[in-house]
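**Student:** One file is attached below, my_file34.txt, containing compact mmCIF, C-alpha atoms.
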# COMPACT_ATOMS: atom_id res chain seq x y z
CA MET D 1 50.97 55.46 39.39
CA SER D 2 53.48 55.25 42.20
CA SER D 3 57.09 54.64 43.06
CA GLN D 4 56.03 51.26 44.35
CA ILE D 5 54.88 50.22 40.90
CA LEU D 6 58.15 51.48 39.45
CA ALA D 7 60.07 49.41 41.97
CA GLU D 8 58.08 46.32 41.01
CA VAL D 9 58.75 46.97 37.34
CA CYS D 10 62.47 47.06 38.13
CA GLN D 11 62.07 43.79 40.01
CA CYS D 12 60.56 42.34 36.84
CA VAL D 13 63.71 43.18 34.97
CA GLU D 14 65.98 41.96 37.71
CA GLY D 15 63.91 38.77 37.84
CA PHE D 16 65.32 37.81 34.44
CA GLY D 17 68.34 36.59 36.36
CA SER D 18 71.06 37.59 33.96
CA ALA D 19 70.12 41.27 34.03
CA ALA D 20 73.06 43.41 35.16
CA LYS D 21 72.23 46.79 36.68
CA GLU D 22 74.47 49.41 35.08
CA GLY D 23 73.60 52.68 36.66
CA ARG D 24 71.33 55.65 36.15
CA TRP D 25 70.15 57.46 33.04
CA ARG D 26 68.15 60.59 32.27
CA THR D 27 66.52 62.03 29.19
CA THR D 28 64.98 65.49 29.37
CA LEU D 29 62.07 66.66 27.26
CA THR D 30 61.00 70.29 27.02
CA ILE D 31 57.69 71.53 25.69
CA TYR D 32 58.05 74.96 24.08
CA ARG D 33 55.37 77.55 23.48
CA PRO D 34 55.65 80.54 21.14
CA VAL D 35 55.96 84.02 22.51
CA ALA D 36 53.29 85.32 20.19
CA ARG D 37 52.32 88.85 19.42
CA ASP D 38 48.93 89.89 20.72
CA PRO D 39 46.98 90.74 17.52
CA SER D 40 44.81 93.21 19.37
CA SER D 41 47.77 95.31 20.44
CA THR D 42 49.01 96.28 16.98
CA ALA D 43 48.62 99.90 16.00
CA THR D 44 48.98 99.37 12.26
CA SER D 45 46.18 98.86 9.82
CA ALA D 46 48.00 96.00 8.15
CA PRO D 47 46.60 92.59 9.00
CA VAL D 48 48.70 90.65 11.49
CA PRO D 49 48.75 86.87 11.07
CA MET D 50 47.06 85.13 13.93
CA PRO D 51 49.44 83.30 16.27
CA GLY D 52 47.63 80.16 15.22
CA ASP D 53 50.17 79.75 12.46
CA LEU D 54 52.86 79.15 15.07
CA PRO D 55 53.51 75.56 16.14
CA ARG D 56 52.08 74.39 19.45
CA ASP D 57 53.71 70.97 19.35
CA PHE D 58 57.30 72.09 19.60
CA LEU D 59 59.49 69.78 21.67
CA GLY D 60 63.16 69.68 22.59
CA LEU D 61 65.14 66.72 23.90
CA THR D 62 68.46 65.91 25.49
CA LEU D 63 69.15 62.19 25.29
CA HIS D 64 70.93 60.34 28.08
CA ASP D 65 73.69 59.05 25.81
CA ARG D 66 74.10 62.20 23.64
CA PRO D 67 74.82 65.06 26.06
CA GLY D 68 76.49 67.10 23.31
CA ALA D 69 73.42 67.04 21.07
CA TYR D 70 69.95 68.54 21.21
CA PHE D 71 66.91 67.50 19.21
CA PHE D 72 63.97 69.68 18.22
CA ILE D 73 60.75 68.10 17.05
CA LEU D 74 57.80 69.72 15.33
CA ARG D 75 55.23 66.93 15.28
CA HIS D 76 52.64 68.59 13.08
CA HIS D 77 55.31 69.36 10.48
CA ARG D 78 56.85 65.89 10.82
CA LEU D 79 60.20 67.52 11.33
CA ILE D 80 63.14 66.65 13.57
CA LEU D 81 66.25 68.81 13.77
CA GLN D 82 69.49 67.71 15.38
CA ALA D 83 71.85 70.39 16.72
CA ASP D 84 74.68 70.96 19.16
CA ALA D 85 73.64 71.21 22.81
CA ASN D 86 74.33 74.97 22.87
CA VAL D 87 71.44 75.56 20.48
CA GLN D 88 69.34 75.88 23.64
CA SER D 89 71.31 79.01 24.52
CA LEU D 90 70.65 80.35 21.04
CA MET D 91 66.90 79.74 21.39
CA ASP D 92 66.94 81.49 24.77
CA LYS D 93 68.47 84.58 23.20
CA LEU D 94 65.93 84.68 20.37
CA GLN D 95 63.07 84.83 22.90
CA SER D 96 60.69 83.61 20.23
CA TYR D 97 59.84 80.41 22.10
CA LYS D 98 59.93 79.72 25.81
CA ALA D 99 60.22 76.46 27.72
CA ARG D 100 56.84 75.89 29.38
CA VAL D 101 57.14 72.38 30.74
CA VAL D 102 60.27 70.34 31.40
CA LEU D 103 59.96 66.60 31.96
CA HIS D 104 62.62 64.15 33.02
CA PHE D 105 62.66 60.49 32.12
CA GLU D 106 65.06 58.90 34.57
CA GLY D 107 65.82 55.60 36.19
CA PHE D 108 68.13 52.60 36.01
CA GLN D 109 69.56 50.80 33.04
CA TYR D 110 70.18 47.08 32.75
CA GLN D 111 72.22 44.95 30.36
CA LEU D 112 70.29 41.78 29.56
CA GLY D 113 72.23 39.72 27.03
CA ASP D 114 72.06 41.60 23.73
CA PHE D 115 69.49 44.01 25.12
CA MET D 116 69.91 47.24 27.02
CA LEU D 117 66.87 48.11 29.09
CA ARG D 118 66.17 51.47 30.63
CA VAL D 119 63.34 51.56 33.13
CA GLY D 120 62.30 54.84 34.58
CA LYS D 121 59.75 57.36 35.71
CA CYS D 122 58.56 60.49 34.04
CA VAL D 123 58.50 63.47 36.38
CA GLN D 124 58.04 67.15 35.84
CA SER D 125 61.04 69.29 36.66
CA HIS D 126 60.97 70.69 40.21
CA ALA D 127 58.04 68.45 41.13
CA ASP D 128 57.76 65.02 42.71
CA THR D 129 54.60 63.86 41.02
CA LEU D 130 55.12 60.71 38.99
CA ARG D 131 53.62 61.26 35.55
CA GLY D 132 54.32 57.84 34.12
CA ILE D 133 56.56 54.83 33.94
CA MET D 134 58.39 53.96 30.77
CA MET D 135 60.88 51.46 29.45
CA GLU D 136 63.34 51.80 26.61
CA VAL D 137 64.50 48.58 24.94
CA GLU D 138 67.64 48.66 22.82
CA TYR D 139 68.80 45.65 20.80
CA LEU D 140 72.53 46.11 20.51
CA PRO D 141 73.66 43.81 17.65
CA LEU D 142 71.55 45.39 14.90
CA SER D 143 70.90 48.93 13.77
CA SER D 144 68.38 47.99 11.07
CA ILE D 145 64.83 48.54 12.25
CA ASP D 146 63.36 46.06 9.79
CA LYS D 147 65.84 43.30 10.60
CA SER D 148 65.39 43.66 14.34
CA ARG D 149 61.60 43.97 14.27
CA GLN D 150 60.83 40.34 14.96
CA ILE D 151 63.24 39.94 17.84
CA MET D 152 61.97 43.15 19.41
CA GLU D 153 58.39 41.92 19.17
CA ASP D 154 59.41 38.60 20.72
CA PHE D 155 61.13 40.40 23.58
CA LEU D 156 58.09 42.59 24.21
CA ASP D 157 55.87 39.49 24.35
CA ILE D 158 58.17 37.99 27.00
CA TRP D 159 58.17 41.26 28.87
CA GLN D 160 54.38 41.62 28.85
CA ASP D 161 54.06 38.06 30.22
CA ALA D 162 56.46 38.91 33.05
CA VAL D 163 54.47 42.03 33.90
CA ILE D 164 51.17 40.16 33.85
CA LYS D 165 52.55 37.56 36.23
CA LYS D 166 53.45 40.35 38.63
CA SER D 167 49.81 41.48 38.52
CA LEU D 168 50.85 45.09 38.13
CA PRO D 169 48.06 47.60 37.59
CA GLY D 170 48.14 49.08 34.10
CA GLN D 171 50.09 47.90 31.08
CA PHE D 172 52.98 48.94 28.90
CA ILE D 173 51.86 50.36 25.57
CA ASN D 174 54.21 50.27 22.61
CA VAL D 175 53.22 52.96 20.11
CA GLU D 176 54.46 52.19 16.61
CA LEU D 177 55.93 55.16 14.85
CA ASN D 178 56.35 55.64 11.12
CA PHE D 179 59.87 57.06 11.04
CA ALA D 180 59.68 57.59 7.29
CA ASP D 181 57.13 60.36 7.92
CA TYR D 182 60.02 62.33 9.42
CA GLY D 183 62.39 61.46 6.63
CA LEU D 184 64.31 58.93 8.72
CA GLN D 185 65.76 55.76 7.22
CA ASP D 186 65.90 52.14 8.33
CA GLN D 187 69.28 52.60 10.07
CA TYR D 188 68.55 53.49 13.66
CA THR D 189 69.96 56.78 14.94
CA PRO D 190 69.60 59.04 18.00
CA GLN D 191 66.95 60.92 16.02
CA HIS D 192 64.82 57.79 16.07
CA THR D 193 65.19 57.64 19.85
CA ALA D 194 64.25 61.30 20.23
CA LEU D 195 61.09 60.73 18.17
CA GLN D 196 60.13 57.77 20.30
CA TYR D 197 60.39 59.86 23.46
CA ALA D 198 58.23 62.52 21.85
CA THR D 199 55.65 59.89 20.95
CA CYS D 200 55.87 58.50 24.46
CA ILE D 201 55.02 61.84 26.04
CA VAL D 202 52.12 62.39 23.66
CA GLN D 203 50.77 58.97 24.57
CA LEU D 204 51.28 59.70 28.26
CA MET D 205 49.40 63.00 28.03
CA ALA D 206 46.57 61.37 26.10
CA THR D 207 46.29 58.67 28.75
CA VAL D 208 46.25 61.24 31.57
CA ARG D 209 43.54 63.27 29.81
CA SER D 210 41.37 60.20 29.27
CA MET W 1 80.83 86.34 23.01
CA GLU W 2 83.37 87.55 20.48
CA CYS W 3 85.60 90.47 19.67
CA VAL W 4 85.32 91.65 16.08
CA VAL W 5 86.75 94.24 13.70
CA GLN W 6 86.09 94.73 10.00
CA GLY W 7 87.54 96.52 7.03
CA ILE W 8 87.45 96.56 3.25
CA ILE W 9 90.13 95.97 0.65
CA GLU W 10 90.20 96.22 -3.09
CA THR W 11 90.09 92.86 -4.82
CA GLN W 12 93.29 93.66 -6.67
CA HIS W 13 95.14 93.72 -3.33
CA VAL W 14 93.69 90.49 -1.90
CA GLU W 15 96.55 88.38 -3.24
CA ALA W 16 99.05 90.56 -1.38
CA LEU W 17 96.94 90.35 1.76
CA GLU W 18 96.91 86.58 1.48
CA ILE W 19 100.72 86.53 1.23
CA LEU W 20 100.99 88.76 4.28
CA LEU W 21 98.56 86.66 6.28
CA GLN W 22 100.29 83.45 5.27
CA GLY W 23 103.55 84.83 6.59
CA LEU W 24 102.04 86.12 9.82
CA CYS W 25 99.83 83.15 10.67
CA GLY W 26 101.97 80.22 9.63
CA VAL W 27 98.93 78.02 8.97
CA PRO W 28 97.36 76.94 5.71
CA LYS W 29 94.44 78.98 4.49
CA GLU W 30 90.95 77.52 4.44
CA ARG W 31 88.69 77.99 1.48
CA ILE W 32 85.38 79.71 2.16
CA ARG W 33 82.26 79.18 0.12
CA VAL W 34 79.31 79.79 2.41
CA HIS W 35 75.67 80.24 1.48
CA GLU W 36 74.37 82.61 4.12
CA LEU W 37 70.63 82.93 4.68
CA CYS W 38 69.44 85.72 6.93
CA LEU W 39 66.11 84.96 8.59
CA LYS W 40 63.99 87.35 10.60
CA SER W 41 61.13 86.56 12.92
CA GLY W 42 57.73 86.94 11.33
CA PRO W 43 54.93 89.22 12.49
CA SER W 44 53.31 86.53 14.65
CA LEU W 45 56.23 86.44 17.05
CA ALA W 46 56.30 89.09 19.75
CA VAL W 47 60.05 89.65 20.00
CA PRO W 48 61.89 90.60 16.80
CA SER W 49 64.93 88.44 16.25
CA GLU W 50 67.32 87.50 13.51
CA ILE W 51 69.40 84.44 12.79
CA ARG W 52 71.73 83.38 10.03
CA LEU W 53 71.87 79.93 8.54
CA LEU W 54 75.26 79.14 7.08
CA CYS W 55 75.66 76.33 4.60
CA ASP W 56 79.30 75.44 4.07
CA LEU W 57 79.60 74.56 0.40
CA ALA W 58 83.38 74.18 0.53
CA GLN W 59 83.11 70.70 2.06
CA PRO W 60 82.33 67.55 0.03
CA THR W 61 79.08 67.27 2.00
CA PRO W 62 77.49 70.63 2.82
CA SER W 63 77.17 71.26 6.54
CA TRP W 64 74.86 73.71 8.27
CA THR W 65 75.32 76.12 11.16
CA VAL W 66 72.86 78.49 12.80
CA ARG W 67 74.25 81.69 14.21
CA HIS W 68 72.77 84.43 16.35
CA VAL W 69 74.67 87.67 16.82
CA GLY W 70 73.43 89.73 19.70
CA GLY W 71 73.88 93.26 20.87
CA ALA W 72 77.23 94.90 21.39
CA MET W 73 78.65 95.58 24.81
CA ARG W 74 78.00 99.14 25.94
CA GLY W 75 79.47 101.49 28.48
CA ALA W 76 82.81 103.02 29.28
CA GLY W 77 84.66 99.75 28.87
CA ALA W 78 83.26 99.29 25.38
CA GLU W 79 84.17 102.81 24.29
CA GLN W 80 87.75 102.45 25.43
CA ILE W 81 88.40 99.27 23.51
CA SER W 82 89.14 99.38 19.79
CA VAL W 83 87.22 96.20 18.99
CA LEU W 84 83.53 95.46 19.17
CA VAL W 85 82.50 92.97 21.83
CA ARG W 86 79.20 91.26 21.20
CA THR W 87 77.30 88.11 22.06
CA MET W 88 77.46 85.39 19.48
CA VAL W 89 76.09 81.87 19.66
CA GLU W 90 76.35 79.33 16.91
CA SER W 91 75.46 75.68 16.66
CA LYS W 92 75.82 72.94 14.10
CA VAL W 93 72.41 71.84 12.83
CA SER W 94 71.09 69.18 10.49
CA ASN W 95 70.36 70.07 6.89
CA ASN W 96 66.62 70.65 7.39
CA ALA W 97 67.30 73.80 9.42
CA LEU W 98 65.77 76.17 6.88
CA ARG W 99 62.46 74.30 6.84
CA PHE W 100 62.63 74.12 10.63
CA PHE W 101 62.94 77.87 11.14
CA TYR W 102 60.28 78.57 8.50
CA SER W 103 57.98 76.34 10.55
CA LEU W 104 58.82 78.34 13.66
CA GLY W 105 57.63 81.53 11.97
CA TYR W 106 60.87 82.91 10.55
CA LYS W 107 61.05 84.48 7.08
CA LEU W 108 63.93 84.77 4.65
CA ASP W 109 65.12 88.37 4.59
CA HIS W 110 68.04 87.99 2.20
CA GLU W 111 70.71 85.53 1.18
CA LEU W 112 74.32 85.86 0.12
CA LEU W 113 77.11 83.67 -1.11
CA LYS W 114 80.37 84.45 0.65
CA ILE W 115 83.46 83.40 -1.27
CA GLY W 116 87.03 83.73 -0.08
CA PHE W 117 89.45 82.29 2.46
CA ALA W 118 90.24 82.24 6.16
CA PHE W 119 93.18 81.82 8.47
CA ARG W 120 92.70 80.43 11.97
CA PHE W 121 95.61 80.70 14.35
CA GLN W 122 96.67 81.44 17.89
CA ARG W 123 98.31 84.79 18.74
CA GLY W 124 97.47 85.76 22.27
CA ALA W 125 93.98 84.45 21.56
CA PRO W 126 92.40 82.14 18.99
CA ILE W 127 91.99 84.50 16.03
CA THR W 128 90.16 84.01 12.75
CA VAL W 129 90.76 86.27 9.76
CA THR W 130 88.31 85.94 6.88
CA VAL W 131 88.58 87.66 3.51
CA THR W 132 85.42 87.32 1.44
CA SER W 133 83.41 88.76 -1.38
CA ALA W 134 79.67 89.01 -0.88
CA ASN W 135 77.63 87.74 -3.82
CA LYS W 136 73.92 88.05 -4.41
CA MET W 137 71.71 85.58 -6.23
CA PRO W 138 69.36 86.61 -9.05
CA LYS W 139 67.02 83.75 -8.20
CA LEU W 140 66.17 82.10 -4.91
CA HIS W 141 69.04 79.89 -3.69
CA ALA W 142 70.78 80.03 -7.08
CA THR W 143 74.34 79.92 -5.73
CA ASP W 144 75.77 79.00 -9.14
CA GLU W 145 74.51 82.29 -10.57
CA ALA W 146 75.75 84.57 -7.81
CA VAL W 147 77.33 87.91 -8.74
CA PRO W 148 79.32 90.28 -6.52
CA VAL W 149 77.40 92.85 -4.56
CA THR W 150 80.37 95.23 -4.67
CA PRO W 151 82.61 94.26 -7.55
CA GLY W 152 86.22 95.07 -6.82
CA ILE W 153 85.77 95.26 -3.04
CA GLN W 154 86.11 92.50 -0.48
CA MET W 155 85.49 92.44 3.24
CA VAL W 156 88.04 91.48 5.86
CA GLU W 157 86.81 90.43 9.26
CA ILE W 158 88.84 89.44 12.30
CA THR W 159 87.10 87.65 15.17
CA ALA W 160 88.24 86.09 18.43
CA PRO W 161 86.05 84.39 21.03
CA THR W 162 85.91 85.86 24.51
CA ALA W 163 84.34 84.56 27.68
CA GLY W 164 83.29 88.03 28.71
CA ASP W 165 85.75 88.44 31.55
CA ASN W 166 88.81 88.53 29.31
CA TYR W 167 87.62 90.78 26.50
CA ASN W 168 90.35 93.35 27.25
CA GLU W 169 93.09 90.79 26.69
CA VAL W 170 91.42 89.31 23.63
CA GLY W 171 90.68 92.77 22.23
CA ALA W 172 94.32 93.74 22.74
CA ALA W 173 95.47 90.62 20.90
CA VAL W 174 93.19 91.44 17.96
CA SER W 175 94.25 95.09 17.89
CA SER W 176 97.88 94.11 18.01
CA PHE W 177 97.45 91.82 15.03
CA CYS W 178 95.58 94.51 13.11
CA GLU W 179 98.66 96.70 13.23
CA TYR W 180 100.51 94.25 11.00
CA LEU W 181 97.82 94.69 8.36
CA ALA W 182 97.73 98.49 8.59
CA PRO W 183 99.68 99.12 5.36
CA LEU W 184 97.03 97.24 3.42
CA LEU W 185 93.81 97.99 5.25
CA HIS W 186 92.33 99.65 8.27
CA LEU W 187 90.19 97.56 10.57
CA SER W 188 87.69 99.00 13.00
CA LYS W 189 84.46 98.25 14.79
CA PRO W 190 81.61 97.18 12.47
CA GLY W 191 79.57 100.18 11.48
CA VAL W 192 82.54 102.55 11.68
CA SER W 193 83.41 103.35 8.09
CA THR W 194 87.10 103.71 7.35
CA GLY W 195 87.38 103.26 3.59
CA ILE W 196 90.39 102.08 1.68
CA VAL W 197 93.90 102.74 2.98
CA PRO W 198 95.88 105.03 0.63
CA THR W 199 99.07 103.01 1.16
CA ALA W 200 97.41 99.78 0.05
CA ALA W 201 98.62 99.86 -3.54
CA ALA W 202 102.25 100.45 -2.61
CA ALA W 203 102.15 97.90 0.17
CA ALA W 204 100.58 95.30 -2.10
CA ALA W 205 103.15 95.93 -4.81
CA SER W 206 105.92 95.51 -2.26
CA LEU W 207 104.50 92.26 -0.96
CA LEU W 208 104.04 90.81 -4.41
CA SER W 209 107.46 91.84 -5.60
CA ASN W 210 109.09 90.24 -2.57
CA THR W 211 107.66 86.80 -3.20
CA GLY W 212 109.01 84.09 -5.42
CA ASP W 213 109.18 85.50 -8.89
CA ASP W 214 112.31 87.63 -8.61
CA PRO W 215 115.28 85.28 -9.34
CA SER W 216 117.64 87.64 -7.54
CA LEU W 217 115.98 86.93 -4.14
Now, as a test, write the supplied structure out as structure tokens.

**Tutor:**
Amino acid sequence: MSSQILAEVCQCVEGFGSAAKEGRWRTTLTIYRPVARDPSSTATSAPVPMPGDLPRDFLGLTLHDRPGAYFFILRHHRLILQADANVQSLMDKLQSYKARVVLHFEGFQYQLGDFMLRVGKCVQSHADTLRGIMMEVEYLPLSSIDKSRQIMEDFLDIWQDAVIKKSLPGQFINVELNFADYGLQDQYTPQHTALQYATCIVQLMATVRS
Amino acid sequence: MECVVQGIIETQHVEALEILLQGLCGVPKERIRVHELCLKSGPSLAVPSEIRLLCDLAQPTPSWTVRHVGGAMRGAGAEQISVLVRTMVESKVSNNALRFFYSLGYKLDHELLKIGFAFRFQRGAPITVTVTSANKMPKLHATDEAVPVTPGIQMVEITAPTAGDNYNEVGAAVSSFCEYLAPLLHLSKPGVSTGIVPTAAAAAASLLSNTGDDPSL
């Protein structure tokens, strides 16, 4: 994993000829941990629930194209909440959960016909270490997931061929997500995007661990 | 942050108060029908905290807000001012907020249905006056079966946002406005009990008699 590989990935996109570079983007993902009570410190005789009942998969996201919104995801509960951006300030004041890890997905975006591509790196806040390389593909004419499925698959096939020809180490993995599990519908929304970033980071962490 | 004062008024005088506010504010009133759920952090969380989820039932599609009210400002500056200055953060949230906070370890402490009206206007500061009755529900979330907590008494609350460095000016604007309402009710810092103003009945009668129905006017 290196900046060189990221640069070559960008060259892949630019090699499509009609790709127009449109500037930078950044999505920020925060991993929260509960500020749990220490069960051994209680002085009462009443049983205190173990902190194990508190979620450990609590994520927050700011999307590049929705700066006024914030998304919370509880993966185990299959729950996504959309709020105003100042909900982060509210969570800070509650002191019930603290931000433990902050990750930035950032890079360049390209317009390629009816597609918007965002290629970028995943880095931890205040650190230079590259955690991963990701790409977001947006098909602009349609907002129906079902109707755009085939064209998205076709695009990914073309993309994988381009990457293989570059002989880049590693491969792009597209993790399918069942949006209905989170109560989301076929019409694509920013909540769908937030869930995909959450899935992306889980996949990235699983890959790093293995 | 916000500046806030509260008071109570008998329900029989609310119509007169509405007439007075309409004349002072010059804006249309907004209907209030808010299902308020007070959640407190459960025993697994180390720091006790409290939030309120507000579901606005007055709109065609209910909308949700989460609100956290923090501690009041203390010190000499706070004692000299006649309004309470406190931190307050609120955010619009999607309609699964209750399930979300339950999943985070919060528990429902109590719920109320607030019914009434509000005026939002500018007078030295953006000011909101709300007049509401608090109603409790006999069964969980049964807003259609809500009954008044204190029949015959409604709460009046005046709030104005402040950035923290202008609370004196904002507090002065709120206090100044409160003086116009003095014949009907006394407003003070939350937690400071003032009761019902003895001049309320006469003031209300005067306001009602001066509006509309008398052909000689």

**Student:** In terms of the shortest atom-to-atom distance over all atoms listed in the file, which of D:Leu54, D:Lys165, D:Arg75, D:Gly113 is closest to D:Phe179?

**Tutor:**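 The shortest atom-to-atom distance to D:Phe179 comes from D:Arg75.
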
**Student:** In terms of the shortest atom-to-atom distance over only C-alpha atoms, which of D:Ala69, D:Ile164, D:Val13, D:Val35 is closest to W:Ser44?

**Tutor:** D:Val35

**Student:** Counting all atoms listed in the file, which residue out of D:Val208, D:Ile201, D:Leu130, D:Leu94 sits closest to D:Thr28?

**Tutor:**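 Once distances to D:Thr28 are computed over all atoms listed in the file, the minimum belongs to D:Ile201.
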
**Student:** Show me the residues around (77.6, 97.7, -3.0) - criterion: an atom at most 12 Å away, all atoms listed in the file counted - as a VMD selection string.

**Tutor:** chain W and resid 8 133 to 136 147 to 155

**Student:** Show which residues sit within 8 Å of W:Arg120, as number ranges by chain. Count only C-alpha atoms, and ignore same-chain residues fewer than 4 positions away.

**Tutor:** W: 25, 27, 29, 126-129

**Student:** Find the spatial neighbours of W:Glu15, counting all atoms listed in the file, within a cut-off of 12 Å - ignore same-chain residues fewer than 4 positions away - and output them as a list in words.

**Tutor:**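 Selected residues are Ile9, Glu10, Thr11, Ile19, Leu20, Leu21, Gln22, Gly116, Phe117, Val131, Gln154, Leu184, Ala200, Ala201, Ala203, Ala204, Ala205, Ser206, Leu207, Leu208, Ser209 and Thr211 of chain W.
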
**Student:** Atom CA of W:Ile32 to atom CA of W:Leu98: how many Å, to one decimal?

**Tutor:**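 Interatomic distance, atom CA of W:Ile32 to atom CA of W:Leu98: 20.5 Å.
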
**Student:** Could you please tell me, as an MDAnalysis selection string, which residues of chain W have an atom within 8 Å of chain D when using only C-alpha atoms?

**Tutor:** chainID W and resid 41 43:50 67:68 70 89:94 96:97 100 103:105

**Student:** Considering only C-alpha atoms, return as an MDAnalysis selection string whatever protein or nucleic-acid residues lie within 12 Å of D:Phe16, sequence-local ones (same chain, fewer than 6 positions apart) excluded.

**Tutor:** chainID D and resid 9:10 110:113 115 117 155 158:159 162:163

**Student:** Kindly give the distance, in Å, that separates atom CA of W:His110 and atom CA of W:Asp144, rounded to a single decimal.

**Tutor:**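 Here the two named atoms are 16.4 Å from each other.
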
**Student:** Given 6 Å on each side, where is the centre and what are the edge lengths in Å to one decimal of the axis-aligned box enclosing the listed atoms of stretch 172-178 of chain D, as JSON?

**Tutor:**
{"center_x": 54.1, "center_y": 52.3, "center_z": 20.0, "size_x": 16.5, "size_y": 18.7, "size_z": 29.8}

**Student:** Step by step: start from the point (60.0, 54.3, 9.0) in the file's coordinates, keep every protein, DNA or RNA residue that has an atom no farther than 12 Å from it, count all atoms listed in the file, and write the set as a list in words.

**Tutor:**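 Neighbouring residues, ordered by chain and number, come to Ser144, Ile145, Asp146, Arg149, Glu176, Leu177, Asn178, Phe179, Ala180, Asp181, Tyr182, Gly183, Leu184, Gln185, Asp186, Gln187, Tyr188, Thr189, Gln191, His192, Leu195 and Gln196 of chain D.
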
**Student:** Now that the selection is made, can you save its residues with C-alpha atoms as a JSON list (two decimals), keeping the file's coordinate frame?

**Tutor:**
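Generated output (out.json):
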[["chain", "number", "residue", "atom", "x", "y", "z"],
["D", 144, "SER", "CA", 68.38, 47.99, 11.07],
["D", 145, "ILE", "CA", 64.83, 48.54, 12.25],
["D", 146, "ASP", "CA", 63.36, 46.06, 9.79],
["D", 149, "ARG", "CA", 61.60, 43.97, 14.27],
["D", 176, "GLU", "CA", 54.46, 52.19, 16.61],
["D", 177, "LEU", "CA", 55.93, 55.16, 14.85],
["D", 178, "ASN", "CA", 56.35, 55.64, 11.12],
["D", 179, "PHE", "CA", 59.87, 57.06, 11.04],
["D", 180, "ALA", "CA", 59.68, 57.59, 7.29],
["D", 181, "ASP", "CA", 57.13, 60.36, 7.92],
["D", 182, "TYR", "CA", 60.02, 62.33, 9.42],
["D", 183, "GLY", "CA", 62.39, 61.46, 6.63],
["D", 184, "LEU", "CA", 64.31, 58.93, 8.72],
["D", 185, "GLN", "CA", 65.76, 55.76, 7.22],
["D", 186, "ASP", "CA", 65.90, 52.14, 8.33],
["D", 187, "GLN", "CA", 69.28, 52.60, 10.07],
["D", 188, "TYR", "CA", 68.55, 53.49, 13.66],
["D", 189, "THR", "CA", 69.96, 56.78, 14.94],
["D", 191, "GLN", "CA", 66.95, 60.92, 16.02],
["D", 192, "HIS", "CA", 64.82, 57.79, 16.07],
["D", 195, "LEU", "CA", 61.09, 60.73, 18.17],
["D", 196, "GLN", "CA", 60.13, 57.77, 20.30]]

**Student:** Between atom CA of W:Thr132 and atom CA of W:Glu157, what is the distance, to one decimal in Å?

**Tutor:**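 Atom CA of W:Thr132 sits 8.5 Å away from atom CA of W:Glu157.
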
**Student:** Considering only C-alpha atoms, return as a PyMOL selection string whatever protein or nucleic-acid residues lie within 12 Å of stretch 170-180 of chain W, sequence-local ones (same chain, fewer than 3 positions apart) excluded.

**Tutor:** chain W and resi 1-7+17+20-21+23-25+77-78+80-86+121-129+156-167+183-189+203

**Student:** Residues near W:His35, anyone? I mean within 9 Å using only C-alpha atoms, not counting same-chain ones fewer than 5 positions away, as a list in words.

**Tutor:**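 With the cut-off at 9 Å, the set is Leu53, Leu54, Cys55, Asp56, Leu57, Glu111, Leu112, Leu113, Lys114, Ile115, His141 and Thr143 of chain W.
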